[in-house]
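S.K.: Take a look at my_file24.txt, compact mmCIF, C-alpha atoms:
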# COMPACT_ATOMS: atom_id res chain seq x y z
CA MET M 1 119.20 132.22 88.49
CA SER M 2 118.06 132.53 84.87
CA GLU M 3 120.43 131.47 82.10
CA THR M 4 121.79 134.02 79.62
CA VAL M 5 119.60 134.33 76.52
CA THR M 6 121.77 132.87 73.76
CA PRO M 7 120.94 133.05 70.03
CA LEU M 8 119.63 129.49 70.18
CA VAL M 9 117.36 130.30 73.13
CA ALA M 10 116.17 133.46 71.40
CA ALA M 11 115.16 131.37 68.39
CA LEU M 12 112.74 129.25 70.42
CA ARG M 13 108.98 129.75 70.51
CA ALA M 14 108.29 132.64 72.89
CA ASP M 15 105.78 130.72 75.04
CA ALA M 16 108.41 128.07 75.78
CA ARG M 17 111.31 130.50 76.14
CA GLN M 18 109.41 132.66 78.59
CA ALA M 19 108.29 129.83 80.88
CA PRO M 20 109.29 131.11 84.34
CA GLU M 21 112.03 129.54 86.37
CA SER M 22 110.63 127.84 89.45
CA GLY M 23 111.61 129.58 92.67
CA ILE M 24 111.03 126.27 94.44
CA VAL M 25 113.53 124.44 92.25
CA GLU M 26 116.03 127.30 92.58
CA ALA M 27 116.01 126.91 96.37
CA MET M 28 116.22 123.12 96.08
CA ASN M 29 119.20 123.28 93.74
CA TYR M 30 121.00 125.74 96.02
CA GLY M 31 120.44 123.56 99.09
CA ARG M 32 121.36 120.32 97.35
CA ARG M 33 124.66 121.77 96.16
CA ARG M 34 125.37 122.88 99.71
CA GLY M 35 124.60 119.47 101.22
CA GLY M 36 123.44 118.48 104.71
CA VAL M 37 120.17 120.43 104.44
CA MET M 38 116.83 119.21 105.78
CA GLY M 39 114.79 119.68 102.64
CA LEU M 40 111.26 120.84 103.43
CA TRP M 41 110.99 122.73 100.15
CA ALA M 42 109.19 120.17 97.99
CA GLY M 43 105.68 118.79 98.29
CA GLU M 44 106.47 115.28 99.40
CA GLY M 45 106.83 113.29 102.59
CA ASP M 46 109.71 111.24 103.94
CA LEU M 47 108.04 107.83 103.71
CA PRO M 48 108.91 105.62 100.72
CA THR M 49 106.20 103.95 98.68
CA PRO M 50 104.68 101.14 100.79
CA ALA M 51 106.06 97.69 100.06
CA PHE M 52 102.72 96.22 98.99
CA ILE M 53 102.54 98.79 96.18
CA ALA M 54 106.17 98.48 95.06
CA GLU M 55 106.03 94.68 95.17
CA GLU M 56 103.03 94.64 92.83
CA ALA M 57 104.94 96.74 90.30
CA ALA M 58 107.94 94.42 90.60
CA ARG M 59 105.70 91.36 90.13
CA ALA M 60 104.12 92.83 87.00
CA LEU M 61 107.51 93.87 85.65
CA ALA M 62 108.91 90.37 86.20
CA ALA M 63 105.82 88.93 84.50
CA GLY M 64 106.67 90.84 81.33
CA GLU M 65 104.04 93.58 81.50
CA THR M 66 106.29 95.94 79.56
CA PHE M 67 104.33 96.41 76.34
CA TYR M 68 102.10 99.20 75.08
CA THR M 69 98.80 99.34 76.88
CA TRP M 70 95.50 101.20 76.80
CA GLN M 71 95.98 104.92 76.21
CA ARG M 72 93.07 105.70 78.54
CA GLY M 73 94.53 103.50 81.27
CA HIS M 74 94.28 99.82 82.10
CA PRO M 75 90.59 98.87 82.47
CA LYS M 76 91.22 97.40 85.92
CA LEU M 77 92.85 100.62 87.12
CA ARG M 78 90.00 102.71 85.73
CA GLN M 79 87.55 100.44 87.56
CA ALA M 80 89.63 100.78 90.74
CA LEU M 81 89.51 104.57 90.39
CA ALA M 82 85.73 104.45 90.03
CA ASP M 83 85.40 102.19 93.08
CA TYR M 84 87.71 104.42 95.12
CA HIS M 85 85.59 107.46 94.31
CA VAL M 86 82.40 105.60 95.20
CA ARG M 87 83.84 104.87 98.64
CA LEU M 88 85.11 108.41 99.13
CA TYR M 89 82.19 110.44 97.78
CA GLY M 90 79.24 108.12 98.37
CA GLN M 91 77.82 108.37 94.86
CA PRO M 92 78.05 106.29 91.67
CA PHE M 93 81.00 106.66 89.31
CA ASP M 94 81.60 105.11 85.90
CA PRO M 95 85.08 103.86 84.88
CA GLU M 96 84.55 105.82 81.66
CA GLN M 97 84.98 108.99 83.71
CA PHE M 98 88.64 108.19 84.54
CA TYR M 99 91.79 108.50 82.42
CA VAL M 100 95.28 107.62 83.63
CA THR M 101 98.03 110.17 83.03
CA GLY M 102 101.79 110.33 83.40
CA SER M 103 101.60 112.40 86.60
CA GLY M 104 99.23 114.96 88.04
CA MET M 105 101.25 117.56 86.16
CA GLN M 106 100.38 115.92 82.84
CA ALA M 107 96.74 115.84 83.93
CA ILE M 108 96.94 119.62 84.43
CA GLN M 109 98.65 120.13 81.07
CA ILE M 110 95.92 118.14 79.33
CA ALA M 111 93.16 120.03 81.15
CA VAL M 112 94.77 123.34 80.18
CA ALA M 113 95.16 122.21 76.57
CA MET M 114 91.51 121.19 76.47
CA THR M 115 90.19 124.50 77.73
CA THR M 116 92.60 127.31 76.78
CA GLY M 117 94.85 128.42 73.95
CA ALA M 118 96.30 131.44 72.21
CA GLY M 119 94.35 134.60 72.95
CA THR M 120 92.44 133.14 75.91
CA GLU M 121 92.80 133.43 79.68
CA MET M 122 92.65 131.19 82.72
CA ILE M 123 91.96 132.65 86.18
CA VAL M 124 94.17 131.35 88.98
CA PRO M 125 93.53 132.36 92.61
CA THR M 126 96.93 132.97 94.20
CA PRO M 127 99.12 132.20 96.08
CA ALA M 128 99.10 128.93 94.15
CA TRP M 129 101.41 126.17 93.04
CA PRO M 130 103.16 127.86 90.10
CA ASN M 131 103.02 124.98 87.63
CA ALA M 132 99.37 125.52 86.71
CA ALA M 133 99.87 129.14 85.64
CA ALA M 134 103.09 128.17 83.86
CA ALA M 135 101.32 125.37 81.97
CA CYS M 136 98.74 127.92 80.85
CA GLY M 137 101.46 130.22 79.56
CA VAL M 138 103.26 127.41 77.74
CA ALA M 139 99.95 126.57 76.03
CA GLY M 140 99.86 130.12 74.67
CA ALA M 141 97.12 131.37 76.97
CA ARG M 142 97.43 134.05 79.65
CA PRO M 143 97.14 133.15 83.33
CA VAL M 144 95.23 135.83 85.24
CA CYS M 145 96.31 135.73 88.87
CA VAL M 146 93.73 136.94 91.39
CA PRO M 147 95.24 137.30 94.88
CA MET M 148 93.40 135.88 97.86
CA THR M 149 93.14 137.91 101.05
CA PHE M 150 95.18 137.19 104.17
CA GLY M 151 93.84 138.54 107.45
CA ASN M 152 93.05 137.69 111.05
CA ASP M 153 90.82 134.83 109.92
CA GLY M 154 93.41 133.41 107.59
CA TRP M 155 93.15 133.15 103.80
CA SER M 156 89.89 133.92 102.07
CA LEU M 157 88.67 133.89 98.49
CA ASP M 158 87.48 137.26 97.17
CA LEU M 159 84.58 136.18 94.97
CA GLU M 160 83.89 139.75 93.81
CA ARG M 161 87.49 140.14 92.67
CA LEU M 162 87.31 136.79 90.88
CA SER M 163 84.11 137.79 89.13
CA ALA M 164 85.61 141.11 88.08
CA ALA M 165 88.56 139.27 86.50
CA VAL M 166 86.30 137.47 84.01
CA THR M 167 86.58 138.89 80.49
CA PRO M 168 85.35 137.73 77.07
CA ARG M 169 88.70 135.93 76.76
CA THR M 170 88.32 133.92 79.96
CA ARG M 171 87.89 130.20 79.36
CA ALA M 172 88.78 128.50 82.63
CA LEU M 173 89.13 128.86 86.38
CA PHE M 174 91.82 126.82 88.15
CA VAL M 175 90.91 125.87 91.73
CA VAL M 176 93.17 123.95 94.13
CA SER M 177 91.38 122.92 97.32
CA PRO M 178 92.88 122.14 99.77
CA SER M 179 95.44 124.64 98.62
CA ASN M 180 99.13 124.40 98.01
CA PRO M 181 100.71 126.50 99.55
CA THR M 182 98.25 128.17 101.93
CA GLY M 183 96.22 125.24 103.25
CA TRP M 184 93.04 127.18 102.47
CA THR M 185 90.17 124.80 101.84
CA ALA M 186 86.99 125.87 100.08
CA THR M 187 83.79 125.55 102.10
CA PRO M 188 80.72 124.00 100.47
CA GLN M 189 79.32 127.53 100.14
CA GLU M 190 82.46 128.76 98.35
CA LEU M 191 82.43 125.77 95.99
CA THR M 192 78.80 126.51 95.16
CA ALA M 193 79.62 130.16 94.49
CA LEU M 194 82.54 129.22 92.23
CA LEU M 195 80.40 126.79 90.29
CA SER M 196 77.69 129.42 89.91
CA LEU M 197 80.28 131.87 88.56
CA ALA M 198 81.48 129.28 86.05
CA ARG M 199 77.94 128.45 84.95
CA LYS M 200 77.07 132.12 84.55
CA HIS M 201 80.00 132.81 82.20
CA GLY M 202 80.28 129.40 80.53
CA LEU M 203 83.71 128.76 82.06
CA TRP M 204 85.51 125.51 82.65
CA ILE M 205 86.69 124.69 86.16
CA VAL M 206 89.92 122.74 86.48
CA ALA M 207 89.56 121.27 89.97
CA ASP M 208 92.83 120.09 91.49
CA GLU M 209 91.92 117.89 94.45
CA THR M 210 95.38 116.45 95.04
CA TYR M 211 95.18 117.13 98.79
CA ALA M 212 91.56 116.11 99.37
CA ARG M 213 92.59 113.38 101.83
CA PHE M 214 94.98 115.65 103.75
CA TRP M 215 92.11 117.34 105.52
CA TYR M 216 92.01 118.27 109.21
CA GLY M 217 88.27 118.86 109.53
CA GLU M 218 85.45 116.37 109.94
CA GLY M 219 85.22 113.35 107.67
CA PRO M 220 87.69 111.45 105.47
CA ARG M 221 88.17 114.20 102.88
CA ALA M 222 87.69 117.88 102.15
CA PRO M 223 84.56 119.39 100.57
CA SER M 224 84.58 118.78 96.84
CA PHE M 225 83.04 119.88 93.58
CA PHE M 226 81.99 116.24 93.30
CA ASP M 227 79.46 117.01 96.04
CA ILE M 228 77.59 119.54 93.90
CA VAL M 229 78.43 118.89 90.24
CA ASP M 230 75.76 118.16 87.65
CA PRO M 231 76.63 115.80 84.78
CA GLU M 232 76.77 118.59 82.21
CA ASP M 233 78.87 121.02 84.29
CA ARG M 234 82.16 122.04 82.72
CA ILE M 235 84.51 120.59 85.32
CA ILE M 236 87.74 118.67 84.78
CA PHE M 237 89.12 117.01 87.91
CA VAL M 238 92.88 116.41 88.10
CA ASN M 239 94.61 114.27 90.69
CA THR M 240 97.72 112.21 91.38
CA PHE M 241 98.98 109.09 93.10
CA SER M 242 101.92 111.10 94.45
CA LYS M 243 100.71 112.36 97.81
CA ASN M 244 98.22 109.82 99.18
CA TRP M 245 100.37 106.78 98.56
CA ALA M 246 103.91 108.27 98.72
CA MET M 247 104.44 107.80 94.98
CA THR M 248 105.90 111.18 93.98
CA GLY M 249 108.66 109.64 91.87
CA TRP M 250 106.32 107.30 90.00
CA ARG M 251 104.76 110.14 87.97
CA MET M 252 101.23 108.79 87.69
CA GLY M 253 97.95 110.65 87.97
CA TRP M 254 94.46 110.77 86.56
CA ILE M 255 91.76 112.95 85.06
CA ALA M 256 88.04 112.63 85.85
CA VAL M 257 85.66 114.08 83.27
CA HIS M 258 82.29 113.46 81.70
CA PRO M 259 82.58 110.32 79.49
CA SER M 260 81.69 112.36 76.40
CA LEU M 261 85.14 114.00 76.67
CA GLY M 262 86.97 110.69 76.76
CA GLN M 263 88.15 110.61 73.16
CA VAL M 264 89.66 114.09 73.47
CA VAL M 265 91.54 113.08 76.62
CA GLU M 266 92.75 109.86 75.00
CA ASN M 267 94.00 111.76 71.96
CA LEU M 268 95.99 114.19 74.08
CA ILE M 269 97.52 111.33 76.06
CA GLN M 270 98.39 109.56 72.81
CA TYR M 271 100.17 112.59 71.39
CA SER M 272 102.20 113.31 74.52
CA THR M 273 103.22 110.15 76.37
CA SER M 274 101.15 107.40 74.71
CA GLY M 275 100.15 106.00 78.06
CA VAL M 276 101.52 104.90 81.42
CA ALA M 277 103.58 101.72 81.91
CA GLN M 278 101.48 98.63 82.64
CA PHE M 279 103.53 97.56 85.67
CA MET M 280 103.06 101.00 87.22
CA GLN M 281 99.32 100.83 86.65
CA ARG M 282 99.23 97.46 88.44
CA ALA M 283 100.78 99.23 91.43
CA GLY M 284 98.12 101.92 91.18
CA ILE M 285 95.38 99.30 91.42
CA VAL M 286 96.63 97.90 94.72
CA ALA M 287 97.27 101.41 96.05
CA LEU M 288 93.62 102.28 95.51
CA GLU M 289 92.30 98.95 96.78
CA ARG M 290 94.55 98.45 99.81
CA GLY M 291 95.99 101.87 100.63
CA ASP M 292 93.41 103.43 102.97
CA ALA M 293 95.30 102.47 106.13
CA PHE M 294 98.49 104.01 104.79
CA ILE M 295 96.65 107.23 103.92
CA ALA M 296 95.24 107.38 107.45
CA GLN M 297 98.77 106.92 108.85
CA GLN M 298 100.11 109.73 106.68
CA VAL M 299 97.31 112.13 107.59
CA ALA M 300 97.73 111.42 111.32
CA ARG M 301 101.47 112.09 111.03
CA ALA M 302 100.85 115.30 109.09
CA ARG M 303 98.33 116.52 111.65
CA ALA M 304 100.82 115.98 114.49
CA SER M 305 103.60 117.70 112.55
CA ARG M 306 101.30 120.59 111.65
CA ASP M 307 100.58 121.24 115.32
CA ILE M 308 104.28 121.05 116.21
CA ILE M 309 105.47 123.51 113.56
CA CYS M 310 102.60 125.93 114.19
CA GLU M 311 103.47 126.02 117.88
CA ALA M 312 107.18 126.52 117.14
CA LEU M 313 106.52 129.39 114.75
CA THR M 314 104.12 131.04 117.19
CA ARG M 315 106.75 130.93 119.94
CA THR M 316 109.16 132.99 117.85
CA GLY M 317 106.85 135.99 118.20
CA ARG M 318 107.78 137.00 114.65
CA CYS M 319 105.74 134.69 112.43
CA ARG M 320 102.23 135.21 111.11
CA PHE M 321 100.27 132.46 109.42
CA ALA M 322 96.93 130.68 109.24
CA PRO M 323 96.97 127.10 110.61
CA PRO M 324 96.20 125.08 107.47
CA MET M 325 92.89 123.21 107.27
CA GLY M 326 94.22 121.01 104.49
CA ALA M 327 97.31 119.91 102.52
CA PHE M 328 100.63 119.64 104.37
CA TYR M 329 102.22 123.07 104.24
CA VAL M 330 102.47 126.02 106.57
CA PHE M 331 102.73 129.32 104.70
CA PHE M 332 104.12 131.97 107.03
CA LYS M 333 105.54 135.46 106.97
CA VAL M 334 108.27 136.76 109.25
CA ASP M 335 107.97 140.28 110.63
CA GLY M 336 110.74 142.47 109.27
CA GLU M 337 111.58 140.15 106.36
CA THR M 338 110.38 141.31 102.95
CA ASP M 339 112.83 139.49 100.64
CA THR M 340 111.69 135.90 101.07
CA ARG M 341 114.15 134.54 98.50
CA ARG M 342 116.97 136.00 100.57
CA LEU M 343 115.38 134.64 103.76
CA VAL M 344 115.10 131.13 102.31
CA PHE M 345 118.76 131.12 101.28
CA ARG M 346 119.71 132.38 104.73
CA LEU M 347 117.77 129.58 106.42
CA ILE M 348 119.52 127.06 104.19
CA ASP M 349 122.91 128.48 105.15
CA GLU M 350 122.32 129.11 108.86
CA ALA M 351 119.59 126.65 109.91
CA GLN M 352 120.31 123.93 107.34
CA VAL M 353 116.57 123.84 106.66
CA GLY M 354 115.28 124.21 103.12
CA LEU M 355 112.00 126.06 102.49
CA ALA M 356 110.38 127.57 99.39
CA PRO M 357 110.06 131.34 98.88
CA GLY M 358 106.52 132.68 98.74
CA SER M 359 107.43 134.71 95.67
CA ALA M 360 107.34 131.42 93.76
CA PHE M 361 103.57 131.15 94.31
CA GLY M 362 102.41 134.29 92.57
CA PRO M 363 100.78 137.55 93.70
CA GLY M 364 99.90 137.63 97.38
CA GLY M 365 102.65 135.22 98.38
CA GLU M 366 105.68 137.48 98.12
CA GLU M 367 106.11 138.06 101.87
CA PHE M 368 105.64 134.41 102.85
CA VAL M 369 107.67 131.21 102.86
CA ARG M 370 106.37 127.64 102.53
CA LEU M 371 107.38 124.73 104.73
CA CYS M 372 106.30 121.16 103.98
CA PHE M 373 105.53 119.33 107.23
CA ALA M 374 104.80 115.90 105.74
CA ARG M 375 107.61 114.46 107.82
CA ASP M 376 108.29 112.58 111.01
CA PRO M 377 107.08 114.82 113.86
CA ALA M 378 110.50 114.60 115.53
CA GLN M 379 112.14 115.98 112.40
CA ILE M 380 109.62 118.81 112.20
CA ARG M 381 110.26 119.67 115.87
CA ASP M 382 113.98 119.88 115.06
CA ALA M 383 113.28 122.06 112.02
CA GLY M 384 111.15 124.42 114.11
CA GLU M 385 113.89 124.81 116.67
CA ARG M 386 116.52 125.51 114.01
CA ILE M 387 114.34 128.14 112.33
CA ALA M 388 113.53 129.76 115.66
CA ARG M 389 117.24 130.05 116.53
CA VAL M 390 118.00 131.85 113.27
CA LEU M 391 115.04 134.19 113.60
CA ALA M 392 115.98 134.98 117.20
CA GLY M 393 119.51 135.83 116.11
Is it possible to give me this structure as structure tokens?
M.R.:
Amino acid sequence: MSETVTPLVAALRADARQAPESGIVEAMNYGRRRGGVMGLWAGEGDLPTPAFIAEEAARALAAGETFYTWQRGHPKLRQALADYHVRLYGQPFDPEQFYVTGSGMQAIQIAVAMTTGAGTEMIVPTPAWPNAAAACGVAGARPVCVPMTFGNDGWSLDLERLSAAVTPRTRALFVVSPSNPTGWTATPQELTALLSLARKHGLWIVADETYARFWYGEGPRAPSFFDIVDPEDRIIFVNTFSKNWAMTGWRMGWIAVHPSLGQVVENLIQYSTSGVAQFMQRAGIVALERGDAFIAQQVARARASRDIICEALTRTGRCRFAPPMGAFYVFFKVDGETDTRRLVFRLIDEAQVGLAPGSAFGPGGEEFVRLCFARDPAQIRDAGERIARVLAG
């Protein structure tokens, strides 16, 4: 719950003081204090970072790579990022397009700082991971949440509603595909329509493709703005090492932009974290160069766990959801339950399973809860059975 507003808090800058409390973290803190809870509330799997990645960091650390390094990222890591994208997207990439950040969250903060500010707006289709809208607010801009539609065919983007939300103050459009929390994944046609909207109004697109590899359709990754972007399009891509290579605790990500924006990105890195540790960047290089098999293992596990939890929720006869095409969450609503915060706390107490309330993800998510299924399939089967018992009772 929110802290009391003390005189010291009241004296802070309003944009910082009014940053919303995360409903995800609230549920996590409650469950952790209780103990013995299967935590499926956060967006991470149960596998530790692979040994070949951790060992490279340890080697570099032992070798004394503990000094300041390139603000833009180690040249070898930037080259590895370019090579990785060439393999994944089948087109040329220049290392000068890539900038290493202290987490995907910092990449988002930098993208928001580059495109918005006081008196401006950023459109965010919701339900969405709350940190992007919060970062916009902290920057002094106003996030404009545009709810997606949930129906018999799952989640869909209302392009007319998005277009109607554009005002003279709008500067950016934040798009996460595949989506956290819904699993919605933009089709090539939807990506083209979004890019056309941005071009028409001179908007920036902040494209969060964190879950591009966690894709359950054809091919090794989800449809991407990379497939249709022109060099002069106003798109900033943000990504992270966290999900693909089980590196959530490392806090390392990247930004991909037109090289002409490089100095701006470097400046913003310099004035926030002044770069990412060299030994961590060494680990990032081997993750990109040798990590494809591990990614394939993770995606196969997630696919199996997705099918298990979807079947378990269907059997309850009370849950409605769209089987996710991407990411590793199932976002479901329970008939008769309207207070999802209360439901999440009840599931922690009675099922010993920790989920995240849909109210944390903005307009359109209030009646849903999010479950992360990036776990061992046996654990997800157990979680489904526990949830079903509580809902049946």
S.K.: With all atoms listed in the file as the basis for distance, which of M:Arg346, M:Arg199, M:Arg301, M:Arg142 is at the shortest distance from M:Gln379?
M.R.: M:Arg301
S.K.: Distance atom CA of M:Ala172-atom CA of M:Leu203, one decimal place?
M.R.: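 Between atom CA of M:Ala172 and atom CA of M:Leu203 the gap is 5.1 Å.
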S.K.: Which distance in Å separates atom CA of M:Lys200 and atom CA of M:Thr120, to one decimal?
M.R.: 17.7 Å
S.K.: Go through M:Val124, M:Ala374, M:Ala300, M:Ala322 one by one, measure the shortest atom-to-atom distance of each to M:Trp155 using all atoms listed in the file, and give the residue with the smallest value.
M.R.: M:Ala322
S.K.: Can you pull out the residues contacting M:Gly45? Cut-off 9 Å, using only C-alpha atoms, and skip same-chain residues under 2 positions away; I want them as JSON, numbers by chain.
M.R.: {"M": [40, 42, 43, 47, 48, 243, 246, 248, 298, 372, 373, 374, 375, 376]}
S.K.: Closest to M:Ala63 among M:Ser359, M:Thr240, M:Pro323, M:Arg282, using all atoms listed in the file?
M.R.: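 Answer, going by the shortest atom-to-atom distance: M:Arg282.
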S.K.: Quick check, in Å to one decimal: how far apart do atom CA of M:Tyr99 and atom CA of M:Met247 lie?
M.R.: 17.8 Å
